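**Q** Got a structure for you, data33.cif, holding mmCIF, C-alpha atoms.
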```
data_input
#
loop_
_atom_site.label_atom_id
_atom_site.label_comp_id
_atom_site.auth_asym_id
_atom_site.auth_seq_id
_atom_site.Cartn_x
_atom_site.Cartn_y
_atom_site.Cartn_z
CA MET A 111 86.85 52.09 125.04
CA THR A 112 83.60 52.69 123.18
CA HIS A 113 83.80 55.80 121.04
CA GLU A 114 80.97 58.27 121.04
CA LEU A 115 81.90 59.22 117.47
CA LEU A 116 83.88 57.23 114.92
CA THR A 117 84.40 58.78 111.49
CA ILE A 118 85.90 57.26 108.35
CA GLY A 119 87.45 58.80 105.26
CA ARG A 120 89.23 61.85 104.02
CA ILE A 121 92.15 63.56 105.72
CA SER A 122 94.58 66.10 104.31
CA VAL A 123 96.72 69.09 105.10
CA ASP A 124 94.82 72.32 104.39
CA ILE A 125 97.02 75.14 103.11
CA TYR A 126 95.18 78.42 103.63
CA PRO A 127 96.43 81.86 102.55
CA ASN A 128 97.15 84.55 105.08
CA ASP A 129 96.28 87.12 102.41
CA ILE A 130 92.48 87.31 102.70
CA GLY A 131 90.78 88.34 99.47
CA ALA A 132 93.78 87.72 97.21
CA ASP A 133 93.80 85.44 94.19
CA LEU A 134 95.86 82.35 94.87
CA GLU A 135 98.57 83.36 92.43
CA ASP A 136 99.08 86.58 94.39
CA VAL A 137 99.25 85.05 97.87
CA THR A 138 102.64 85.45 99.54
CA SER A 139 102.24 83.38 102.73
CA PHE A 140 100.18 80.46 103.96
CA GLY A 141 99.31 78.54 107.12
CA LYS A 142 98.84 74.79 107.33
CA TYR A 143 96.05 73.01 109.20
CA LEU A 144 94.51 69.58 109.62
CA GLY A 145 91.80 69.10 107.02
CA GLY A 146 89.41 66.60 105.46
CA SER A 147 85.73 66.60 106.30
CA PRO A 148 85.39 63.42 108.41
CA SER A 149 88.53 64.33 110.35
CA ASN A 150 87.26 67.87 110.95
CA VAL A 151 83.92 66.49 112.19
CA ALA A 152 85.79 64.34 114.71
CA VAL A 153 87.74 67.40 115.88
CA ALA A 154 84.52 69.41 116.18
CA ALA A 155 82.85 66.72 118.28
CA ALA A 156 85.92 66.43 120.51
CA ARG A 157 85.70 70.18 121.17
CA HIS A 158 82.24 69.50 122.58
CA GLY A 159 83.73 66.93 124.92
CA ARG A 160 82.92 63.79 122.92
CA ARG A 161 85.21 60.75 122.67
CA ALA A 162 86.03 60.80 118.97
CA ALA A 163 88.24 58.77 116.65
CA VAL A 164 88.85 58.63 112.91
CA ILE A 165 89.58 55.76 110.53
CA THR A 166 91.84 57.03 107.76
CA ARG A 167 95.20 56.73 106.04
CA THR A 168 98.06 59.17 105.43
CA GLY A 169 101.31 59.04 103.52
CA ASP A 170 104.46 57.89 105.30
CA ASP A 171 105.86 61.40 105.19
CA PRO A 172 106.26 64.56 107.32
CA PHE A 173 102.73 65.74 106.52
CA GLY A 174 101.39 62.39 107.74
CA ALA A 175 103.32 62.81 110.98
CA TYR A 176 101.89 66.33 111.29
CA LEU A 177 98.31 65.03 110.95
CA HIS A 178 98.86 62.44 113.68
CA ARG A 179 100.20 65.18 115.93
CA GLU A 180 97.24 67.46 115.19
CA LEU A 181 94.66 64.76 115.85
CA ARG A 182 96.22 64.04 119.21
CA LYS A 183 96.40 67.77 119.96
CA PHE A 184 92.65 68.02 119.38
CA LYS A 185 92.07 64.92 121.59
CA VAL A 186 90.95 62.75 118.66
CA ASP A 187 91.98 59.10 118.93
CA ASP A 188 94.36 58.26 116.04
CA GLN A 189 94.75 54.51 116.68
CA PHE A 190 92.91 53.72 113.42
CA VAL A 191 95.13 56.03 111.33
CA SER A 192 97.96 54.30 109.49
CA SER A 193 100.24 55.13 106.58
CA VAL A 194 100.33 53.96 102.96
CA PRO A 195 104.01 53.76 101.98
CA ASP A 196 103.69 54.45 98.25
CA LEU A 197 101.40 57.49 98.42
CA LEU A 198 101.92 61.03 99.68
CA THR A 199 99.64 62.77 102.18
CA PRO A 200 97.23 64.96 100.17
CA VAL A 201 97.37 68.74 100.37
CA THR A 202 94.41 71.06 99.72
CA PHE A 203 94.91 74.70 98.77
CA CYS A 204 92.16 77.28 98.77
CA ALA A 205 91.75 80.94 98.07
CA ILE A 206 89.79 82.89 100.68
CA LYS A 207 87.66 85.60 99.11
CA PRO A 208 84.76 86.42 101.43
CA PRO A 209 81.86 86.37 101.60
CA ASP A 210 81.21 83.39 99.31
CA ASP A 211 84.18 82.57 97.05
CA PHE A 212 86.43 79.81 98.44
CA PRO A 213 87.75 77.73 95.51
CA LEU A 214 89.51 74.48 96.46
CA TYR A 215 92.47 72.87 94.70
CA PHE A 216 93.17 69.23 95.59
CA TYR A 217 96.76 68.02 95.26
CA GLY A 218 97.81 64.40 95.71
CA ARG A 219 94.29 62.93 95.49
CA LEU A 220 94.27 61.69 91.90
CA PRO A 221 94.56 59.03 90.67
CA SER A 222 94.33 57.98 94.34
CA ALA A 223 95.08 59.08 97.88
CA PRO A 224 95.96 57.22 101.09
CA ASP A 225 92.46 57.56 102.56
CA TRP A 226 91.01 55.84 99.48
CA GLN A 227 93.24 52.86 100.35
CA ILE A 228 91.29 51.87 103.46
CA LYS A 229 90.57 48.15 103.05
CA ALA A 230 87.62 46.21 104.41
CA HIS A 231 89.75 43.49 106.02
CA GLU A 232 91.69 46.14 107.97
CA LEU A 233 88.62 47.55 109.73
CA ASP A 234 88.07 47.12 113.46
CA ILE A 235 84.52 45.86 113.11
CA ALA A 236 83.95 45.73 116.87
CA ALA A 237 84.83 49.43 117.20
CA ILE A 238 82.59 50.32 114.26
CA ARG A 239 79.70 48.27 115.60
CA GLY A 240 80.06 49.69 119.10
CA ALA A 241 80.45 53.40 118.35
CA ARG A 242 77.43 55.44 119.37
CA VAL A 243 77.74 57.47 116.16
CA PHE A 244 79.43 56.31 112.96
CA TRP A 245 80.02 59.05 110.36
CA SER A 246 80.97 58.52 106.72
CA THR A 247 80.89 60.57 103.52
CA VAL A 248 79.92 60.05 99.90
CA THR A 249 83.51 60.85 98.86
CA GLY A 250 84.61 57.64 100.56
CA LEU A 251 82.44 55.68 98.12
CA SER A 252 84.08 57.11 95.00
CA GLN A 253 87.02 54.69 94.74
CA GLU A 254 88.03 51.16 95.59
CA PRO A 255 89.14 49.75 97.99
CA SER A 256 87.63 52.55 100.11
CA ARG A 257 84.17 51.90 98.63
CA SER A 258 84.09 48.28 99.76
CA ALA A 259 85.44 49.25 103.18
CA HIS A 260 82.69 51.83 103.64
CA ILE A 261 80.01 49.35 102.57
CA ALA A 262 81.38 46.72 104.96
CA ALA A 263 81.42 49.25 107.79
CA HIS A 264 77.81 50.23 107.16
CA GLN A 265 76.73 46.61 106.97
CA ALA A 266 78.37 46.00 110.36
CA ARG A 267 76.38 48.72 112.06
CA PRO A 268 73.27 47.73 114.03
CA ARG A 269 70.06 49.07 112.52
CA THR A 270 68.57 51.01 115.42
CA GLY A 271 65.66 53.39 115.84
CA LEU A 272 66.06 57.07 116.65
CA SER A 273 65.20 56.48 120.30
CA GLU A 274 67.93 53.87 120.86
CA GLY A 275 70.88 56.28 121.10
CA GLN A 276 73.02 54.86 118.28
CA PHE A 277 73.25 56.65 114.93
CA THR A 278 74.82 56.02 111.52
CA ILE A 279 75.31 59.31 109.65
CA LEU A 280 76.06 59.83 105.96
CA ASP A 281 77.39 63.20 104.82
CA LEU A 282 76.19 63.58 101.22
CA ASP A 283 79.34 65.51 100.27
CA TYR A 284 79.24 64.97 96.49
CA ARG A 285 82.38 66.36 94.83
CA PRO A 286 82.12 66.00 91.03
CA MET A 287 85.89 65.85 90.43
CA PHE A 288 86.00 62.51 92.25
CA TRP A 289 83.24 60.80 90.23
CA ALA A 290 82.73 59.74 86.62
CA SER A 291 79.10 60.91 86.76
CA GLU A 292 76.27 61.85 89.10
CA GLN A 293 74.55 58.59 88.18
CA GLU A 294 77.52 56.58 89.44
CA ALA A 295 77.42 58.46 92.73
CA ARG A 296 73.65 57.97 93.04
CA GLU A 297 74.01 54.21 92.54
CA GLN A 298 76.64 53.92 95.27
CA ILE A 299 74.69 56.10 97.70
CA ALA A 300 71.62 53.91 97.17
CA ARG A 301 73.61 50.87 98.35
CA ILE A 302 74.11 52.23 101.85
CA LEU A 303 71.09 54.49 102.47
CA PRO A 304 69.12 51.57 104.01
CA GLN A 305 71.81 51.39 106.74
CA VAL A 306 71.79 55.15 107.41
CA THR A 307 70.06 56.76 110.38
CA VAL A 308 70.81 60.40 109.42
CA ALA A 309 71.62 61.85 105.98
CA ILE A 310 72.93 65.43 105.71
CA GLY A 311 73.34 67.46 102.53
CA ASN A 312 72.62 70.64 100.65
CA ASP A 313 70.25 70.95 97.68
CA LYS A 314 72.79 69.76 95.09
CA GLU A 315 74.03 66.88 97.24
CA CYS A 316 70.48 65.73 97.94
CA ALA A 317 69.70 65.97 94.23
CA VAL A 318 72.61 63.65 93.43
CA ALA A 319 71.44 61.23 96.12
CA VAL A 320 67.70 61.12 95.45
CA GLY A 321 66.92 63.44 92.53
CA GLU A 322 65.88 67.04 91.97
CA GLY A 323 62.96 68.52 93.87
CA THR A 324 61.98 70.81 96.68
CA PRO A 325 63.77 70.35 100.03
CA ASP A 326 60.68 68.61 101.39
CA GLU A 327 60.49 66.27 98.41
CA GLN A 328 64.16 65.41 98.76
CA ALA A 329 63.80 64.83 102.50
CA ASP A 330 60.78 62.60 101.91
CA ARG A 331 62.75 60.50 99.40
CA LEU A 332 65.59 60.09 101.87
CA LEU A 333 63.10 58.98 104.52
CA ALA A 334 61.51 56.56 102.06
CA ALA A 335 64.96 55.06 101.41
CA GLY A 336 65.21 54.15 105.10
CA VAL A 337 66.81 57.22 106.67
CA GLY A 338 65.47 58.22 110.09
CA ILE A 339 66.40 61.93 109.97
CA ALA A 340 66.86 63.81 106.70
CA VAL A 341 68.78 67.08 107.09
CA VAL A 342 68.60 69.42 104.09
CA LYS A 343 70.65 72.61 104.18
CA LEU A 344 68.69 75.54 102.76
CA GLY A 345 71.50 78.03 102.14
CA PRO A 346 70.40 81.54 103.18
CA ASP A 347 67.17 80.08 104.59
CA GLY A 348 68.92 77.95 107.22
CA VAL A 349 68.54 74.19 107.55
CA MET A 350 65.62 71.77 107.74
CA ALA A 351 65.44 68.41 109.47
CA LYS A 352 62.62 65.98 108.85
CA THR A 353 61.58 62.66 110.38
CA ALA A 354 58.52 60.51 109.83
CA THR A 355 56.67 62.58 112.46
CA GLU A 356 58.45 65.93 112.69
CA ARG A 357 59.63 68.81 110.50
CA VAL A 358 61.79 71.60 111.95
CA VAL A 359 63.65 74.51 110.38
CA SER A 360 66.49 76.45 111.99
CA ALA A 361 67.00 79.98 110.70
CA PRO A 362 70.57 80.98 109.81
CA VAL A 363 72.77 82.63 112.44
CA PRO A 364 74.14 85.81 110.82
CA VAL A 365 77.90 86.38 111.12
CA GLU A 366 80.54 88.14 109.04
CA THR A 367 81.94 85.33 106.90
CA VAL A 368 85.72 84.96 106.69
CA ASN A 369 85.99 81.39 105.40
CA GLY A 370 82.90 79.25 104.82
CA LEU A 371 84.75 75.99 104.16
CA GLY A 372 84.69 74.55 107.69
CA ALA A 373 81.17 75.55 108.65
CA GLY A 374 79.60 72.27 107.53
CA ASP A 375 82.10 70.19 109.50
CA SER A 376 81.54 72.29 112.60
CA PHE A 377 77.80 71.85 112.07
CA GLY A 378 78.33 68.10 111.85
CA GLY A 379 80.33 67.76 115.06
CA ALA A 380 77.84 69.89 116.97
CA PHE A 381 74.92 67.96 115.46
CA VAL A 382 76.48 64.73 116.76
CA HIS A 383 76.89 66.31 120.19
CA GLY A 384 73.25 67.37 120.23
CA LEU A 385 72.01 63.94 119.17
CA LEU A 386 74.05 62.23 121.86
CA SER A 387 72.80 64.73 124.43
CA GLY A 388 69.21 63.74 123.63
CA TRP A 389 68.06 67.29 122.87
CA PRO A 390 64.90 67.99 120.86
CA LEU A 391 65.64 68.08 117.12
CA ALA A 392 64.95 71.81 116.84
CA GLN A 393 67.53 72.56 119.54
CA VAL A 394 70.06 70.22 117.92
CA LEU A 395 69.70 72.19 114.69
CA ASP A 396 70.01 75.58 116.37
CA TYR A 397 73.11 74.49 118.28
CA ALA A 398 74.71 73.02 115.14
CA ASN A 399 73.83 76.12 113.13
CA ALA A 400 75.48 78.40 115.67
CA SER A 401 78.56 76.18 115.76
CA GLY A 402 78.86 76.33 111.98
CA ALA A 403 78.43 80.09 111.97
CA ILE A 404 81.30 80.54 114.40
CA VAL A 405 83.71 78.65 112.15
CA ALA A 406 82.52 80.57 109.10
CA SER A 407 83.60 83.75 110.90
CA ARG A 408 87.16 82.40 111.35
CA LEU A 409 90.06 81.61 109.02
CA SER A 410 90.80 77.92 109.58
CA CYS A 411 88.68 74.80 110.02
CA ALA A 412 89.97 72.33 112.61
CA ASP A 413 91.72 74.99 114.68
CA ALA A 414 88.58 77.14 114.60
CA MET A 415 86.10 74.59 115.99
CA PRO A 416 84.20 76.24 118.87
CA THR A 417 83.80 75.14 122.45
CA PRO A 418 80.33 74.65 123.97
CA GLU A 419 80.75 77.93 125.86
CA GLU A 420 81.28 79.83 122.60
CA VAL A 421 78.22 78.24 120.97
CA ILE A 422 76.04 78.89 124.02
CA SER A 423 77.19 82.51 124.10
CA LEU A 424 76.26 83.03 120.44
CA LEU A 425 72.87 81.36 120.91
CA ALA A 426 72.11 83.61 123.88
CA GLU A 427 73.33 86.68 122.01
CA ARG A 428 71.00 85.88 119.09
CA GLY A 429 68.05 85.18 121.37
CA ARG A 430 68.00 81.44 120.60
CA LEU A 431 67.06 78.80 123.17
CA VAL A 432 70.06 77.23 124.88
CA PRO A 433 69.49 73.45 125.17
CA GLU A 434 68.99 72.16 128.70
CA GLY A 435 72.23 70.69 130.00
CA ALA A 436 74.36 72.35 127.30
CA THR A 437 76.49 74.09 129.89
CA LYS A 438 77.41 70.90 131.74
#
```
Kindly transcribe the structure held in the file into structure tokens.
**A**
Amino acid sequence: MTHELLTIGRISVDIYPNDIGADLEDVTSFGKYLGGSPSNVAVAAARHGRRAAVITRTGDDPFGAYLHRELRKFKVDDQFVSSVPDLLTPVTFCAIKPPDDFPLYFYGRLPSAPDWQIKAHELDIAAIRGARVFWSTVTGLSQEPSRSAHIAAHQARPRTGLSEGQFTILDLDYRPMFWASEQEAREQIARILPQVTVAIGNDKECAVAVGEGTPDEQADRLLAAGVGIAVVKLGPDGVMAKTATERVVSAPVPVETVNGLGAGDSFGGAFVHGLLSGWPLAQVLDYANASGAIVASRLSCADAMPTPEEVISLLAERGRLVPEGATK
């Protein structure tokens, strides 16, 4: 089976407080959820009806078993998920203090984590080469052997144009605690940008990748590095996407924020769905924006990923254009 989306990289158990607004030391009860950005993106795309799978590693422990069960529950293929016997499945705690304070605490990731133990020789190159969309993150480049595996995967991907229906996407998710320096991250990003069709990041992440500047300057540098679509998130001003011939901006979709942590992953899964549907870039952005907004208005990440009907309803409610064929 050819996957419509194949992601690689981080997976964890997210431990979120049920006490909204409380400092973590004061929280009395928690819920647990599937987490990790590439895994969440796969879940989000599956909610939109896409055949999704993830390449990752867990510990050989109850939390690892839980993550397998959750992936299958969300209809994400887990055949490329295996365990690393000597490492525990990572756990991520956060405090939820709306509207914009969601500090993360990573446990079991340093000095290493199972998903940083993905090895190049273990990869199913045929599956990677054949997937219509391959999604990776900068975090996956921060340690060996994961770094070499990610580079090998990118090198295996066919270099196709935007009109050919196959996309290689890099999430510029720079997390400083996983790197010795921004310069180290920039050097590793530069190694794979020539194989990337779409790069997605906010101002800081784009600055790490290609240097400080305006969103347009950063997008232009990404395009000059070989990227076909540069997506720069503009915070309260929405999100911009730029190609060699087109520049579009999608205004933010206002919602009451409960937890902003999963919005980017929901955006990513919906963006993939829009690309594969062949919609105009402006409509892809609007659809992805609305999908991200819905998750920001909910507590969890993976469990909160919206269905197409929910996204279409929000677009219509906000007076945005619903992409042709989105209801099919």
**Q** Please check which residues have atoms at most 10 Å from (92.8, 75.9, 95.5) in the file's coordinates, counting all atoms listed in the file, and write them as a list in words.
**A** Asp124, Ile125, Tyr126, Pro127, Asp133, Leu134, Glu135, Val201, Thr202, Phe203, Cys204, Ala205, Ile206, Phe212, Pro213, Leu214, Tyr215, Phe216 and Tyr217 of chain A
**Q** Using the chain letters and numbers from this file, what does the PyMOL selection byres ((chain A and resi 294-304) around 8) select? Give the answer as an NGL selection string.
**A** :A and (248 or 251-252 or 261 or 264 or 284 or 289-293 or 305-306 or 318-320 or 332 or 335-337)
**Q** Applied to the shown file, which residues does the PyMOL selection byres ((chain A and resi 274) around 12) return, written as a list of chain:residue names?
**A** A:Arg242, A:Val243, A:Pro268, A:Arg269, A:Thr270, A:Gly271, A:Leu272, A:Ser273, A:Gly275, A:Gln276, A:Phe277, A:Thr278, A:Thr307, A:Gly338, A:Leu385, A:Leu386, A:Gly388
**Q** Name the residues in contact with segment 163-175 of chain A at a cut-off of 10 Å, using all atoms listed in the file, excluding same-chain residues fewer than 5 positions from it; report them as a compact mmCIF listing (two decimals) with C-alpha atoms, in the frame of the given file.
**A**
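In the end it all went to around35.txt:
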```txt
# COMPACT_ATOMS: atom_id res chain seq x y z
CA HIS A 113 83.80 55.80 121.04
CA GLU A 114 80.97 58.27 121.04
CA LEU A 115 81.90 59.22 117.47
CA LEU A 116 83.88 57.23 114.92
CA THR A 117 84.40 58.78 111.49
CA ILE A 118 85.90 57.26 108.35
CA GLY A 119 87.45 58.80 105.26
CA ARG A 120 89.23 61.85 104.02
CA ILE A 121 92.15 63.56 105.72
CA SER A 122 94.58 66.10 104.31
CA VAL A 123 96.72 69.09 105.10
CA LYS A 142 98.84 74.79 107.33
CA LEU A 144 94.51 69.58 109.62
CA PRO A 148 85.39 63.42 108.41
CA SER A 149 88.53 64.33 110.35
CA ASN A 150 87.26 67.87 110.95
CA VAL A 151 83.92 66.49 112.19
CA ALA A 152 85.79 64.34 114.71
CA VAL A 153 87.74 67.40 115.88
CA ALA A 155 82.85 66.72 118.28
CA ALA A 156 85.92 66.43 120.51
CA GLU A 180 97.24 67.46 115.19
CA LEU A 181 94.66 64.76 115.85
CA ARG A 182 96.22 64.04 119.21
CA LYS A 185 92.07 64.92 121.59
CA VAL A 186 90.95 62.75 118.66
CA ASP A 187 91.98 59.10 118.93
CA ASP A 188 94.36 58.26 116.04
CA GLN A 189 94.75 54.51 116.68
CA PHE A 190 92.91 53.72 113.42
CA VAL A 191 95.13 56.03 111.33
CA SER A 192 97.96 54.30 109.49
CA SER A 193 100.24 55.13 106.58
CA VAL A 194 100.33 53.96 102.96
CA PRO A 195 104.01 53.76 101.98
CA ASP A 196 103.69 54.45 98.25
CA LEU A 197 101.40 57.49 98.42
CA LEU A 198 101.92 61.03 99.68
CA THR A 199 99.64 62.77 102.18
CA PRO A 200 97.23 64.96 100.17
CA VAL A 201 97.37 68.74 100.37
CA ALA A 223 95.08 59.08 97.88
CA PRO A 224 95.96 57.22 101.09
CA ASP A 225 92.46 57.56 102.56
CA TRP A 226 91.01 55.84 99.48
CA GLN A 227 93.24 52.86 100.35
CA ILE A 228 91.29 51.87 103.46
CA LEU A 233 88.62 47.55 109.73
CA ASP A 234 88.07 47.12 113.46
CA ALA A 237 84.83 49.43 117.20
CA ILE A 238 82.59 50.32 114.26
CA ALA A 241 80.45 53.40 118.35
CA PHE A 244 79.43 56.31 112.96
CA TRP A 245 80.02 59.05 110.36
CA SER A 246 80.97 58.52 106.72
CA SER A 256 87.63 52.55 100.11
```
**Q** Hey, can you check how far atom CA of Ile235 of chain A sits from atom CA of Gln265 of chain A?
**A**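 So the two atoms, atom CA of Ile235 of chain A and atom CA of Gln265 of chain A, lie 9.9 Å apart.
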**Q** What's around Cys411 of chain A at 6 Å? Count all atoms listed in the file, leave out sequence neighbours fewer than 2 positions away in its own chain, and write the answer as a ChimeraX atom specification.
**A** /A:372,413-414
**Q** Written as a ChimeraX atom specification, which residues does the PyMOL selection byres ((chain A and resi 339) around 7) give for the file shown?
**A** /A:307-309,337-338,340-341,351-353
**Q** Can you work out which one of A:Lys183, A:Arg357, A:Ser147, A:Ala329 has the shortest atom-to-atom distance to Arg285 of chain A, counting all atoms listed in the file?
**A** A:Ser147
**Q** One decimal, Å: what's the distance from atom CA of Glu315 of chain A over to atom CA of Glu366 of chain A, could you say?
**A**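 These two atoms are separated by 25.2 Å.
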**Q** Go through A:Leu391, A:Asn128, A:Leu282, A:Val349 one by one, measure the shortest atom-to-atom distance of each to Phe140 of chain A using all atoms listed in the file, and give the residue with the smallest value.
**A** A:Asn128
